[in-house]
file input-v9.pdb (PDB, C-alpha atoms)
MODEL        1
ATOM      1  CA  MET Y 179       0.000   0.000   0.000
ATOM      2  CA  ASP Y 180       1.453   3.430  -0.920
ATOM      3  CA  ASP Y 181       1.624   6.357   1.487
ATOM      4  CA  LEU Y 182      -1.386   8.148  -0.013
ATOM      5  CA  ALA Y 183      -3.594   5.093   0.293
ATOM      6  CA  GLU Y 184      -2.352   4.624   3.858
ATOM      7  CA  LEU Y 185      -3.007   8.305   4.683
ATOM      8  CA  LEU Y 186      -6.549   8.066   3.341
ATOM      9  CA  ARG Y 187      -7.149   4.801   5.159
ATOM     10  CA  THR Y 188      -5.963   6.139   8.515
ATOM     11  CA  SER Y 189      -7.305   9.723   8.270
ATOM     12  CA  PRO Y 190      -9.824  10.328  11.084
ATOM     13  CA  ASP Y 191     -12.052  12.147   8.604
ATOM     14  CA  LEU Y 192     -11.925   9.442   5.974
ATOM     15  CA  GLN Y 193     -11.533   6.355   8.127
ATOM     16  CA  PRO Y 194     -15.241   5.424   8.126
ATOM     17  CA  LEU Y 195     -15.310   5.398   4.319
ATOM     18  CA  PRO Y 196     -15.562   2.128   2.428
ATOM     19  CA  SER Y 197     -12.493   1.077   0.489
ATOM     20  CA  ASP Y 198     -14.080   1.691  -2.937
ATOM     21  CA  ILE Y 199     -14.769   5.313  -2.017
ATOM     22  CA  LEU Y 200     -11.246   5.755  -0.672
ATOM     23  CA  ALA Y 201     -10.013   4.325  -3.946
ATOM     24  CA  ALA Y 202     -12.133   6.829  -5.911
ATOM     25  CA  ILE Y 203     -10.680   9.732  -3.901
ATOM     26  CA  SER Y 204      -7.174   8.329  -4.238
ATOM     27  CA  HIS Y 205      -7.537   8.000  -8.012
ATOM     28  CA  GLY Y 206      -8.854  11.553  -8.277
ATOM     29  CA  LEU Y 207      -5.907  13.103  -6.436
ATOM     30  CA  VAL Y 208      -2.930  14.249  -8.471
ATOM     31  CA  ARG Y 209       0.212  14.252  -6.365
ATOM     32  CA  GLU Y 210       2.405  17.338  -6.339
ATOM     33  CA  ARG Y 211       5.663  17.906  -4.493
ATOM     34  CA  LEU Y 212       6.191  21.380  -3.060
ATOM     35  CA  ALA Y 213       9.468  23.155  -2.393
ATOM     36  CA  PRO Y 214       9.746  25.191   0.835
ATOM     37  CA  ASP Y 215       7.763  28.445   0.493
ATOM     38  CA  GLN Y 216       6.189  27.342  -2.770
ATOM     39  CA  VAL Y 217       2.796  28.970  -3.219
ATOM     40  CA  VAL Y 218      -0.032  26.551  -4.001
ATOM     41  CA  LEU Y 219      -2.767  29.115  -4.496
ATOM     42  CA  ARG Y 220      -3.070  32.865  -4.173
ATOM     43  CA  GLU Y 221      -5.697  35.078  -2.633
ATOM     44  CA  GLY Y 222      -8.005  36.496  -5.281
ATOM     45  CA  GLU Y 223      -7.539  33.623  -7.733
ATOM     46  CA  ARG Y 224     -10.438  31.640  -9.041
ATOM     47  CA  ALA Y 225     -10.723  28.235  -7.373
ATOM     48  CA  LYS Y 226      -9.647  25.347  -9.567
ATOM     49  CA  ALA Y 227      -9.041  22.604  -7.038
ATOM     50  CA  ALA Y 228      -9.205  21.421  -3.438
ATOM     51  CA  TYR Y 229      -6.089  20.046  -1.782
ATOM     52  CA  LEU Y 230      -5.142  17.324   0.661
ATOM     53  CA  VAL Y 231      -1.846  17.554   2.535
ATOM     54  CA  ILE Y 232      -0.036  14.232   2.094
ATOM     55  CA  SER Y 233       3.117  15.185   3.984
ATOM     56  CA  GLY Y 234       4.653  18.313   5.477
ATOM     57  CA  GLU Y 235       2.787  21.490   6.344
ATOM     58  CA  VAL Y 236       1.026  24.233   4.413
ATOM     59  CA  GLU Y 237       0.255  27.625   5.899
ATOM     60  CA  VAL Y 238      -2.783  29.707   5.058
ATOM     61  CA  VAL Y 239      -1.955  33.431   5.135
ATOM     62  CA  ARG Y 240      -3.323  36.810   4.275
ATOM     63  CA  VAL Y 241      -1.062  39.737   3.498
ATOM     64  CA  ARG Y 242      -2.258  43.238   4.236
ATOM     65  CA  GLY Y 243       0.212  46.000   3.533
ATOM     66  CA  ASP Y 244       3.458  44.968   5.175
ATOM     67  CA  LYS Y 245       1.757  42.586   7.600
ATOM     68  CA  GLU Y 246       1.121  38.921   7.095
ATOM     69  CA  HIS Y 247      -1.406  37.024   9.201
ATOM     70  CA  ARG Y 248      -1.306  33.275   9.445
ATOM     71  CA  LEU Y 249      -4.875  32.012   9.468
ATOM     72  CA  ASN Y 250      -4.152  28.341   9.679
ATOM     73  CA  LEU Y 251      -1.486  25.674   9.476
ATOM     74  CA  VAL Y 252      -2.618  22.466   7.843
ATOM     75  CA  ARG Y 253      -0.879  19.128   8.144
ATOM     76  CA  ALA Y 254      -0.945  15.639   6.682
ATOM     77  CA  GLY Y 255      -4.529  14.465   6.377
ATOM     78  CA  ASP Y 256      -6.004  17.993   6.349
ATOM     79  CA  TRP Y 257      -7.856  19.484   3.392
ATOM     80  CA  PHE Y 258      -7.469  23.097   2.346
ATOM     81  CA  GLY Y 259      -8.919  25.337  -0.345
ATOM     82  CA  LEU Y 260     -12.444  24.174   0.411
ATOM     83  CA  VAL Y 261     -14.180  27.486   1.088
ATOM     84  CA  ALA Y 262     -13.726  28.880  -2.412
ATOM     85  CA  MET Y 263     -14.696  25.535  -3.924
ATOM     86  CA  LEU Y 264     -17.944  25.473  -1.981
ATOM     87  CA  SER Y 265     -18.940  29.132  -2.045
ATOM     88  CA  ASP Y 266     -19.074  31.734  -4.757
ATOM     89  CA  GLY Y 267     -16.037  33.934  -4.814
ATOM     90  CA  PRO Y 268     -12.291  33.943  -5.257
ATOM     91  CA  ARG Y 269      -9.659  32.420  -2.995
ATOM     92  CA  SER Y 270      -9.807  34.207   0.335
ATOM     93  CA  ALA Y 271      -6.188  33.535   1.341
ATOM     94  CA  THR Y 272      -2.825  32.405   0.032
ATOM     95  CA  CYS Y 273      -1.520  28.901   0.804
ATOM     96  CA  ARG Y 274       2.143  27.982   0.694
ATOM     97  CA  ALA Y 275       4.386  25.178   1.843
ATOM     98  CA  VAL Y 276       6.237  25.775   5.112
ATOM     99  CA  GLY Y 277       8.998  23.317   4.281
ATOM    100  CA  ALA Y 278       9.135  20.576   1.707
ATOM    101  CA  ALA Y 279       5.685  19.083   1.411
ATOM    102  CA  GLU Y 280       3.516  16.946  -0.773
ATOM    103  CA  ILE Y 281      -0.126  17.529  -1.586
ATOM    104  CA  GLY Y 282      -2.881  15.814  -3.517
ATOM    105  CA  VAL Y 283      -4.699  18.067  -5.953
ATOM    106  CA  LEU Y 284      -8.366  17.395  -6.584
ATOM    107  CA  GLY Y 285      -9.347  19.430  -9.635
ATOM    108  CA  THR Y 286     -12.797  20.947 -10.055
ATOM    109  CA  PRO Y 287     -14.233  18.220 -12.327
ATOM    110  CA  VAL Y 288     -13.284  15.399  -9.956
ATOM    111  CA  PHE Y 289     -14.198  17.435  -6.868
ATOM    112  CA  SER Y 290     -17.579  18.225  -8.361
ATOM    113  CA  LEU Y 291     -18.138  14.593  -9.229
ATOM    114  CA  LEU Y 292     -17.254  13.456  -5.706
ATOM    115  CA  PHE Y 293     -19.344  16.206  -4.123
ATOM    116  CA  ASN Y 294     -22.399  16.112  -6.352
ATOM    117  CA  ALA Y 295     -22.672  13.093  -8.587
ATOM    118  CA  HIS Y 296     -23.350   9.779  -6.906
ATOM    119  CA  ALA Y 297     -25.095   9.975  -3.559
ATOM    120  CA  ASP Y 298     -23.288   7.012  -1.960
ATOM    121  CA  LEU Y 299     -19.908   8.414  -2.764
ATOM    122  CA  CYS Y 300     -20.919  12.048  -2.234
ATOM    123  CA  LEU Y 301     -22.274  11.625   1.262
ATOM    124  CA  ALA Y 302     -19.064  10.046   2.477
ATOM    125  CA  PHE Y 303     -16.932  12.742   0.847
ATOM    126  CA  GLN Y 304     -19.226  15.529   2.063
ATOM    127  CA  LYS Y 305     -18.978  14.243   5.638
ATOM    128  CA  ALA Y 306     -15.196  14.301   5.429
ATOM    129  CA  LEU Y 307     -15.235  17.866   4.102
ATOM    130  CA  ALA Y 308     -17.793  18.923   6.714
ATOM    131  CA  ARG Y 309     -15.452  17.725   9.476
ATOM    132  CA  GLN Y 310     -12.607  19.787   7.976
ATOM    133  CA  LEU Y 311     -14.882  22.844   7.634
ATOM    134  CA  ALA Y 312     -15.986  22.427  11.241
ATOM    135  CA  ARG Y 313     -12.338  22.484  12.351
ATOM    136  CA  ASP Y 314     -11.701  25.580  10.212
ATOM    137  CA  PHE Y 315     -14.771  27.169  11.760
ATOM    138  CA  ARG Y 316     -13.572  26.473  15.314
ATOM    139  CA  ASN Y 317     -10.159  27.859  14.397
ATOM    140  CA  LEU Y 318     -11.719  31.090  13.139
ATOM    141  CA  ASP Y 319     -13.830  31.321  16.277
ATOM    142  CA  ARG Y 320     -10.676  31.067  18.432
ATOM    143  CA  GLN Y 321      -8.941  33.771  16.391
ATOM    144  CA  ILE Y 322     -11.819  36.215  16.709
ATOM    145  CA  ARG Y 323     -12.001  35.595  20.467
ATOM    146  CA  ALA Y 324      -8.230  36.152  20.745
ATOM    147  CA  GLU Y 325      -8.547  39.448  18.857
ATOM    148  CA  LEU Y 326     -11.412  40.416  21.152
ATOM    149  CA  GLU Y 327      -9.202  39.757  24.183
ATOM    150  CA  LYS Y 328      -6.554  42.032  22.705
ATOM    151  CA  ALA Y 329      -9.159  44.721  21.995
ATOM    152  CA  GLY Y 330     -10.114  44.608  25.688
TER     153      GLY Y 330
ATOM    154  CA  MET K  24     -55.340  32.385   5.196
ATOM    155  CA  SER K  25     -53.963  30.788   8.355
ATOM    156  CA  GLU K  26     -50.355  29.657   8.466
ATOM    157  CA  PRO K  27     -49.888  25.861   8.227
ATOM    158  CA  THR K  28     -48.932  24.287  11.536
ATOM    159  CA  ILE K  29     -45.531  22.683  11.833
ATOM    160  CA  ALA K  30     -47.127  19.857  13.794
ATOM    161  CA  SER K  31     -47.842  18.150  10.467
ATOM    162  CA  GLY K  32     -45.270  16.959   7.944
ATOM    163  CA  ALA K  33     -46.936  19.015   5.222
ATOM    164  CA  GLY K  34     -46.785  22.131   7.396
ATOM    165  CA  ARG K  35     -43.100  21.549   8.117
ATOM    166  CA  ALA K  36     -42.442  21.027   4.395
ATOM    167  CA  GLU K  37     -44.177  24.315   3.644
ATOM    168  CA  ALA K  38     -42.113  26.115   6.303
ATOM    169  CA  LEU K  39     -38.900  24.622   4.934
ATOM    170  CA  THR K  40     -39.802  25.636   1.390
ATOM    171  CA  ARG K  41     -40.547  29.185   2.528
ATOM    172  CA  CYS K  42     -37.354  29.624   4.557
ATOM    173  CA  PHE K  43     -34.813  27.272   2.935
ATOM    174  CA  SER K  44     -35.612  27.629  -0.726
ATOM    175  CA  GLU K  45     -32.187  26.597  -2.027
ATOM    176  CA  LEU K  46     -32.259  23.354  -0.076
ATOM    177  CA  THR K  47     -35.830  22.485  -1.019
ATOM    178  CA  ALA K  48     -35.272  23.425  -4.670
ATOM    179  CA  SER K  49     -32.495  20.858  -4.819
ATOM    180  CA  LEU K  50     -34.672  18.247  -3.109
ATOM    181  CA  GLY K  51     -37.942  18.571  -4.983
ATOM    182  CA  GLN K  52     -41.376  18.228  -3.431
ATOM    183  CA  ALA K  53     -41.364  14.521  -2.531
ATOM    184  CA  GLN K  54     -37.963  14.600  -0.806
ATOM    185  CA  THR K  55     -38.788  17.866   0.950
ATOM    186  CA  LEU K  56     -41.807  16.145   2.434
ATOM    187  CA  GLU K  57     -39.695  13.130   3.372
ATOM    188  CA  LEU K  58     -37.182  15.387   5.130
ATOM    189  CA  ALA K  59     -40.014  17.295   6.832
ATOM    190  CA  GLU K  60     -41.335  14.033   8.273
ATOM    191  CA  LEU K  61     -37.988  13.504  10.030
ATOM    192  CA  LEU K  62     -37.852  16.946  11.607
ATOM    193  CA  HIS K  63     -38.868  17.577  15.185
ATOM    194  CA  PRO K  64     -40.906  20.775  15.579
ATOM    195  CA  ARG K  65     -40.054  23.013  18.486
ATOM    196  CA  SER K  66     -41.874  26.175  19.475
ATOM    197  CA  PHE K  67     -40.311  28.746  21.769
ATOM    198  CA  GLY K  68     -41.331  31.890  23.588
ATOM    199  CA  THR K  69     -39.464  35.136  24.136
ATOM    200  CA  GLY K  70     -36.635  34.665  26.610
ATOM    201  CA  ASP K  71     -36.428  30.892  26.237
ATOM    202  CA  ILE K  72     -32.883  29.544  26.126
ATOM    203  CA  LEU K  73     -32.715  27.138  23.211
ATOM    204  CA  LEU K  74     -29.171  26.060  23.862
ATOM    205  CA  ALA K  75     -26.519  27.162  26.340
ATOM    206  CA  ALA K  76     -22.928  27.653  25.185
ATOM    207  CA  GLY K  77     -20.916  24.487  25.702
ATOM    208  CA  SER K  78     -23.964  22.239  25.469
ATOM    209  CA  GLN K  79     -24.410  19.722  22.737
ATOM    210  CA  PRO K  80     -27.428  20.320  20.463
ATOM    211  CA  ASP K  81     -29.785  17.488  19.515
ATOM    212  CA  GLY K  82     -29.103  17.989  15.837
ATOM    213  CA  ILE K  83     -29.153  20.520  13.022
ATOM    214  CA  GLY K  84     -31.706  23.303  13.492
ATOM    215  CA  PHE K  85     -33.706  25.087  10.809
ATOM    216  CA  LEU K  86     -35.179  28.339  12.089
ATOM    217  CA  VAL K  87     -38.530  28.890  10.356
ATOM    218  CA  LYS K  88     -40.129  31.610  12.480
ATOM    219  CA  GLY K  89     -39.137  34.178  15.091
ATOM    220  CA  LYS K  90     -35.797  35.550  16.171
ATOM    221  CA  LEU K  91     -32.972  34.140  18.255
ATOM    222  CA  GLY K  92     -30.344  36.227  19.970
ATOM    223  CA  VAL K  93     -26.741  35.030  19.884
ATOM    224  CA  VAL K  94     -25.188  35.402  23.329
ATOM    225  CA  VAL K  95     -21.452  34.935  23.763
ATOM    226  CA  GLY K  96     -19.370  34.692  26.932
ATOM    227  CA  GLY K  97     -20.666  36.455  30.019
ATOM    228  CA  ASP K  98     -22.642  39.053  28.083
ATOM    229  CA  SER K  99     -26.366  39.110  28.663
ATOM    230  CA  ALA K 100     -27.249  41.189  25.619
ATOM    231  CA  PRO K 101     -27.394  39.361  22.294
ATOM    232  CA  LEU K 102     -24.611  40.244  19.884
ATOM    233  CA  ALA K 103     -26.609  39.347  16.816
ATOM    234  CA  VAL K 104     -29.968  37.984  15.873
ATOM    235  CA  CYS K 105     -30.755  34.909  13.780
ATOM    236  CA  GLU K 106     -33.887  35.106  11.717
ATOM    237  CA  ALA K 107     -35.991  32.636   9.787
ATOM    238  CA  GLY K 108     -33.818  30.925   7.194
ATOM    239  CA  ALA K 109     -30.831  30.458   9.526
ATOM    240  CA  MET K 110     -29.324  27.002   9.854
ATOM    241  CA  LEU K 111     -28.214  26.328  13.427
ATOM    242  CA  TRP K 112     -25.818  23.965  15.204
ATOM    243  CA  GLU K 113     -24.443  22.331  12.101
ATOM    244  CA  VAL K 114     -20.851  22.731  13.338
ATOM    245  CA  SER K 115     -21.613  21.232  16.745
ATOM    246  CA  THR K 116     -23.456  18.374  15.092
ATOM    247  CA  ILE K 117     -20.537  17.580  12.794
ATOM    248  CA  ASP K 118     -17.873  18.233  15.436
ATOM    249  CA  PRO K 119     -19.588  17.379  18.726
ATOM    250  CA  THR K 120     -17.571  19.524  21.116
ATOM    251  CA  GLY K 121     -20.396  21.814  22.194
ATOM    252  CA  ALA K 122     -21.939  25.008  20.884
ATOM    253  CA  THR K 123     -19.764  28.136  20.983
ATOM    254  CA  ALA K 124     -22.626  30.480  21.894
ATOM    255  CA  SER K 125     -25.989  30.465  23.610
ATOM    256  CA  LEU K 126     -29.167  31.051  21.676
ATOM    257  CA  VAL K 127     -31.929  32.934  23.483
ATOM    258  CA  ALA K 128     -35.288  33.704  21.894
ATOM    259  CA  ALA K 129     -35.626  37.414  21.152
ATOM    260  CA  GLU K 130     -39.079  36.764  19.762
ATOM    261  CA  ALA K 131     -41.409  33.756  19.889
ATOM    262  CA  GLY K 132     -40.969  31.385  16.991
ATOM    263  CA  GLN K 133     -40.506  27.902  15.643
ATOM    264  CA  LEU K 134     -37.578  25.692  14.910
ATOM    265  CA  LEU K 135     -37.311  22.371  13.079
ATOM    266  CA  VAL K 136     -34.588  20.032  14.299
ATOM    267  CA  LEU K 137     -33.083  17.165  12.351
ATOM    268  CA  PRO K 138     -31.842  14.963  15.200
ATOM    269  CA  THR K 139     -28.345  13.576  14.792
ATOM    270  CA  ALA K 140     -29.607  10.005  15.081
ATOM    271  CA  ARG K 141     -32.124  10.605  12.279
ATOM    272  CA  LEU K 142     -29.432  12.071  10.064
ATOM    273  CA  ASP K 143     -27.450   8.867  10.607
ATOM    274  CA  GLU K 144     -30.523   6.748   9.836
ATOM    275  CA  LEU K 145     -31.161   8.801   6.725
ATOM    276  CA  ALA K 146     -27.669   8.010   5.486
ATOM    277  CA  ARG K 147     -28.730   4.364   5.423
ATOM    278  CA  SER K 148     -32.346   4.680   4.280
ATOM    279  CA  ASN K 149     -32.161   7.507   1.721
ATOM    280  CA  VAL K 150     -28.605   8.379   0.869
ATOM    281  CA  ALA K 151     -29.641  10.874  -1.846
ATOM    282  CA  LEU K 152     -31.602  12.935   0.660
ATOM    283  CA  ALA K 153     -28.866  12.694   3.290
ATOM    284  CA  SER K 154     -26.348  13.836   0.702
ATOM    285  CA  ALA K 155     -28.497  16.822  -0.311
ATOM    286  CA  VAL K 156     -28.731  17.901   3.336
ATOM    287  CA  MET K 157     -25.000  17.436   3.875
ATOM    288  CA  ARG K 158     -24.252  19.453   0.722
ATOM    289  CA  GLU K 159     -26.286  22.331   2.159
ATOM    290  CA  VAL K 160     -24.466  22.002   5.503
ATOM    291  CA  CYS K 161     -21.060  22.165   3.794
ATOM    292  CA  THR K 162     -22.035  25.136   1.651
ATOM    293  CA  THR K 163     -23.494  27.041   4.596
ATOM    294  CA  MET K 164     -20.347  26.458   6.675
ATOM    295  CA  ALA K 165     -18.081  27.496   3.793
ATOM    296  CA  GLU K 166     -20.010  30.707   3.136
ATOM    297  CA  ARG K 167     -20.171  31.583   6.824
ATOM    298  CA  THR K 168     -16.425  30.965   7.175
ATOM    299  CA  ARG K 169     -15.678  33.180   4.176
ATOM    300  CA  HIS K 170     -17.896  35.962   5.481
ATOM    301  CA  CYS K 171     -16.339  35.980   8.963
ATOM    302  CA  SER K 172     -12.831  35.592   7.687
ATOM    303  CA  ASP K 173     -13.360  38.696   5.553
ATOM    304  CA  GLN K 174     -14.751  40.600   8.552
ATOM    305  CA  LEU K 175     -11.816  39.587  10.731
ATOM    306  CA  ASP K 176      -9.413  40.619   8.014
ATOM    307  CA  GLN K 177     -10.915  44.103   7.745
ATOM    308  CA  LEU K 178     -10.820  44.576  11.510
ATOM    309  CA  ARG K 179      -7.187  43.571  11.865
ATOM    310  CA  GLY K 180      -6.225  46.699  10.031
ATOM    311  CA  PHE K 181      -8.531  48.899  12.056
ATOM    312  CA  ASP K 182      -6.939  50.806  14.924
ATOM    313  CA  LYS K 183      -9.853  52.572  16.638
ATOM    314  CA  ALA K 184     -10.445  50.307  19.618
ATOM    315  CA  PRO K 185     -14.198  50.740  20.264
ATOM    316  CA  GLU K 186     -15.131  50.311  16.605
ATOM    317  CA  ARG K 187     -12.715  47.421  16.311
ATOM    318  CA  LYS K 188     -14.266  45.647  19.275
ATOM    319  CA  THR K 189     -17.775  46.193  17.938
ATOM    320  CA  GLY K 190     -16.726  44.752  14.613
ATOM    321  CA  LEU K 191     -15.057  41.726  16.203
ATOM    322  CA  VAL K 192     -18.126  41.025  18.269
ATOM    323  CA  ALA K 193     -20.256  41.212  15.138
ATOM    324  CA  ALA K 194     -17.888  38.834  13.346
ATOM    325  CA  LEU K 195     -18.068  36.372  16.214
ATOM    326  CA  ALA K 196     -21.840  36.572  16.353
ATOM    327  CA  THR K 197     -22.033  36.034  12.621
ATOM    328  CA  LEU K 198     -19.820  33.007  12.913
ATOM    329  CA  VAL K 199     -21.948  31.342  15.530
ATOM    330  CA  GLY K 200     -25.268  31.836  13.856
ATOM    331  CA  GLY K 201     -26.143  35.374  12.976
ATOM    332  CA  PHE K 202     -25.388  34.980   9.301
ATOM    333  CA  ARG K 203     -28.680  34.401   7.591
ATOM    334  CA  GLY K 204     -27.650  31.405   5.520
ATOM    335  CA  ARG K 205     -26.756  31.550   1.866
ATOM    336  CA  SER K 206     -29.096  34.208   0.650
ATOM    337  CA  SER K 207     -27.507  37.082   2.571
TER     338      SER K 207
ENDMDL
END

call {"tool": "encode", "arguments": {"input": "input-v9.pdb", "output": "structure tokens"}}
result
Amino acid sequence: MDDLAELLRTSPDLQPLPSDILAAISHGLVRERLAPDQVVLREGERAKAAYLVISGEVEVVRVRGDKEHRLNLVRAGDWFGLVAMLSDGPRSATCRAVGAAEIGVLGTPVFSLLFNAHADLCLAFQKALARQLARDFRNLDRQIRAELEKAG
Amino acid sequence: MSEPTIASGAGRAEALTRCFSELTASLGQAQTLELAELLHPRSFGTGDILLAAGSQPDGIGFLVKGKLGVVVGGDSAPLAVCEAGAMLWEVSTIDPTGATASLVAAEAGQLLVLPTARLDELARSNVALASAVMREVCTTMAERTRHCSDQLDQLRGFDKAPERKTGLVAALATLVGGFRGRSS
């Protein structure tokens, strides 16, 4: 079994999925190696894919003027780039590798197929994405509360 | 004409169609009725606490009438108000670590709840319907996240403390339920 198949099989989000659905996701992912600091997607771009971190870390940042804010740090087994894929609008942040990393790229046609086409497969995939979105949501909640603390 | 009661499946289907048009459009009439049959109706009066922060909700809520205040931390005043058309508790249902805010009725109303256990049953009995609901949950969470992330971003560059705090509070309230779904 290769490392991607193993990652999918052991991911807490994907673990309940049947093997044929894991295989469908695995086949849909195109592997891409990232150099340190390599940008995967940029804020303002149109969404063309969702991404799964296979190894290493990817940071999600926004740059405003001379300041950069890290919104999130995603690791092996985490998805990123979901918000723009699921809502109308451009990428809301820039994502780049922290060190050397590897990601799986799920292009729009395959993503759309997994998300919309066949209910059996979709539900399992949607649940996995919902868990990631819930984590992102909690992360944003913590950040706003931290900013509130600073604002007194 | 009197408003249909949510005690009946048909009445709940009508309320869903009125307040969650994107979801029901994707379902069609028969599946909307099937979903409505699974929903538990809940009426509330002004001042009722529907859920306290930290508690685990029974399932995903669909607000079809009335207004709910979002109360965060030790504040007693609501920071934002959810109105009919708001989906509630989807994050806590997916990630069962408790709600991040309390919801207190600002006005009497009605809520339809899809209990977590029924959502699980639905995944076995009607996977197409379960998938349509989950698609709506994902899209709502993504749009809410985008909206709040944008608000937070604007406020980070804002130096006037009182206005900044007001904006942060609004962002937080939006995140936990004040954003009126996808049509806002």

call {"tool": "interface_residues", "arguments": {"input": "input-v9.pdb", "of": "chain K", "to": "chain Y", "cutoff": "6 Å", "atoms": "all atoms listed in the file", "output": "compact mmCIF listing (two decimals) with C-alpha atoms, keeping the file's coordinate frame"}}
result
# COMPACT_ATOMS: atom_id res chain seq x y z
CA VAL K 114 -20.85 22.73 13.34
CA VAL K 150 -28.60 8.38 0.87
CA ALA K 151 -29.64 10.87 -1.85
CA SER K 154 -26.35 13.84 0.70
CA CYS K 161 -21.06 22.16 3.79
CA THR K 162 -22.04 25.14 1.65
CA ALA K 165 -18.08 27.50 3.79
CA GLU K 166 -20.01 30.71 3.14
CA LYS K 188 -14.27 45.65 19.27

call {"tool": "atom_distance", "arguments": {"input": "input-v9.pdb", "atom1": "atom CA of Val252 of chain Y", "atom2": "atom CA of Thr163 of chain K"}}
result
21.6 Å

call {"tool": "residues_around", "arguments": {"input": "input-v9.pdb", "residues": "Arg274 of chain Y", "least_positions_apart": "6", "cutoff": "10 Å", "atoms": "only C-alpha atoms", "output": "list in words"}}
result
Leu212, Ala213, Pro214, Asp215, Gln216, Val217, Val218, Leu219, Arg220, Glu235, Val236, Glu237, Val238, Val239 and Leu251 of chain Y

call {"tool": "residues_around", "arguments": {"input": "input-v9.pdb", "residues": "Ala129 of chain K", "least_positions_apart": "3", "cutoff": "6 Å", "atoms": "only C-alpha atoms", "output": "number ranges by chain"}}
result
K: 69, 90-92

call {"tool": "write_last_selection", "arguments": {"input": "input-v9.pdb", "atoms": "C-alpha atoms", "output": "PDB file, keeping the file's coordinate frame"}}
result
ATOM      1  CA  THR K  69     -39.464  35.136  24.136  1.00  0.00           C
ATOM      2  CA  LYS K  90     -35.797  35.550  16.171  1.00  0.00           C
ATOM      3  CA  LEU K  91     -32.972  34.140  18.255  1.00  0.00           C
ATOM      4  CA  GLY K  92     -30.344  36.227  19.970  1.00  0.00           C
TER       5      GLY K  92
END

call {"tool": "resolve_selection", "arguments": {"input": "input-v9.pdb", "expression": "the PyMOL selection byres ((chain K and resi 112) around 9)", "output": "NGL selection string"}}
result
:K and (79-84 or 110-111 or 113-117 or 122 or 199-200)

call {"tool": "write_last_selection", "arguments": {"input": "input-v9.pdb", "atoms": "C-alpha atoms", "output": "compact mmCIF listing (two decimals), in the frame of the given file"}}
result
# COMPACT_ATOMS: atom_id res chain seq x y z
CA GLN K 79 -24.41 19.72 22.74
CA PRO K 80 -27.43 20.32 20.46
CA ASP K 81 -29.78 17.49 19.52
CA GLY K 82 -29.10 17.99 15.84
CA ILE K 83 -29.15 20.52 13.02
CA GLY K 84 -31.71 23.30 13.49
CA MET K 110 -29.32 27.00 9.85
CA LEU K 111 -28.21 26.33 13.43
CA GLU K 113 -24.44 22.33 12.10
CA VAL K 114 -20.85 22.73 13.34
CA SER K 115 -21.61 21.23 16.74
CA THR K 116 -23.46 18.37 15.09
CA ILE K 117 -20.54 17.58 12.79
CA ALA K 122 -21.94 25.01 20.88
CA VAL K 199 -21.95 31.34 15.53
CA GLY K 200 -25.27 31.84 13.86

call {"tool": "residues_around", "arguments": {"input": "input-v9.pdb", "residues": "His205 of chain Y", "least_positions_apart": "5", "cutoff": "12 Å", "atoms": "all atoms listed in the file", "output": "number ranges by chain"}}
result
Y: 182-183, 186, 198-200, 282-285, 288-289, 292

call {"tool": "resolve_selection", "arguments": {"input": "input-v9.pdb", "expression": "the PyMOL selection byres ((chain Y and resi 228-231) around 6)", "output": "list of chain:residue names"}}
result
Y:Ala227, Y:Ile232, Y:Ser233, Y:Arg253, Y:Ala254, Y:Gly255, Y:Asp256, Y:Trp257, Y:Phe258, Y:Gly259, Y:Leu260, Y:Ile281, Y:Gly282, Y:Val283, Y:Leu284

call {"tool": "atom_distance", "arguments": {"input": "input-v9.pdb", "atom1": "atom CA of Glu57 of chain K", "atom2": "atom CA of Ala33 of chain K"}}
result
9.5 Å

call {"tool": "build_atoms", "arguments": {"input": "input-v9.pdb", "residues": "segment 215-223 of chain Y", "atoms": "N, CA and C atoms", "output": "compact mmCIF listing (two decimals), in the coordinates of the input"}}
result
# COMPACT_ATOMS: atom_id res chain seq x y z
N ASP Y 215 8.31 27.13 0.87
CA ASP Y 215 7.76 28.44 0.49
C ASP Y 215 7.04 28.48 -0.85
N GLN Y 216 6.90 27.35 -1.49
CA GLN Y 216 6.19 27.34 -2.77
C GLN Y 216 4.71 27.65 -2.54
N VAL Y 217 4.21 28.57 -3.34
CA VAL Y 217 2.80 28.97 -3.22
C VAL Y 217 1.92 27.99 -4.01
N VAL Y 218 0.90 27.49 -3.35
CA VAL Y 218 -0.03 26.55 -4.00
C VAL Y 218 -1.17 27.32 -4.67
N LEU Y 219 -1.69 28.29 -3.95
CA LEU Y 219 -2.77 29.12 -4.50
C LEU Y 219 -2.67 30.50 -3.89
N ARG Y 220 -3.17 31.48 -4.64
CA ARG Y 220 -3.07 32.86 -4.17
C ARG Y 220 -4.43 33.48 -3.94
N GLU Y 221 -4.47 34.34 -2.93
CA GLU Y 221 -5.70 35.08 -2.63
C GLU Y 221 -6.16 35.82 -3.89
N GLY Y 222 -7.43 35.78 -4.14
CA GLY Y 222 -8.01 36.50 -5.28
C GLY Y 222 -8.15 35.64 -6.53
N GLU Y 223 -7.43 34.51 -6.56
CA GLU Y 223 -7.54 33.62 -7.73
C GLU Y 223 -8.89 32.91 -7.75
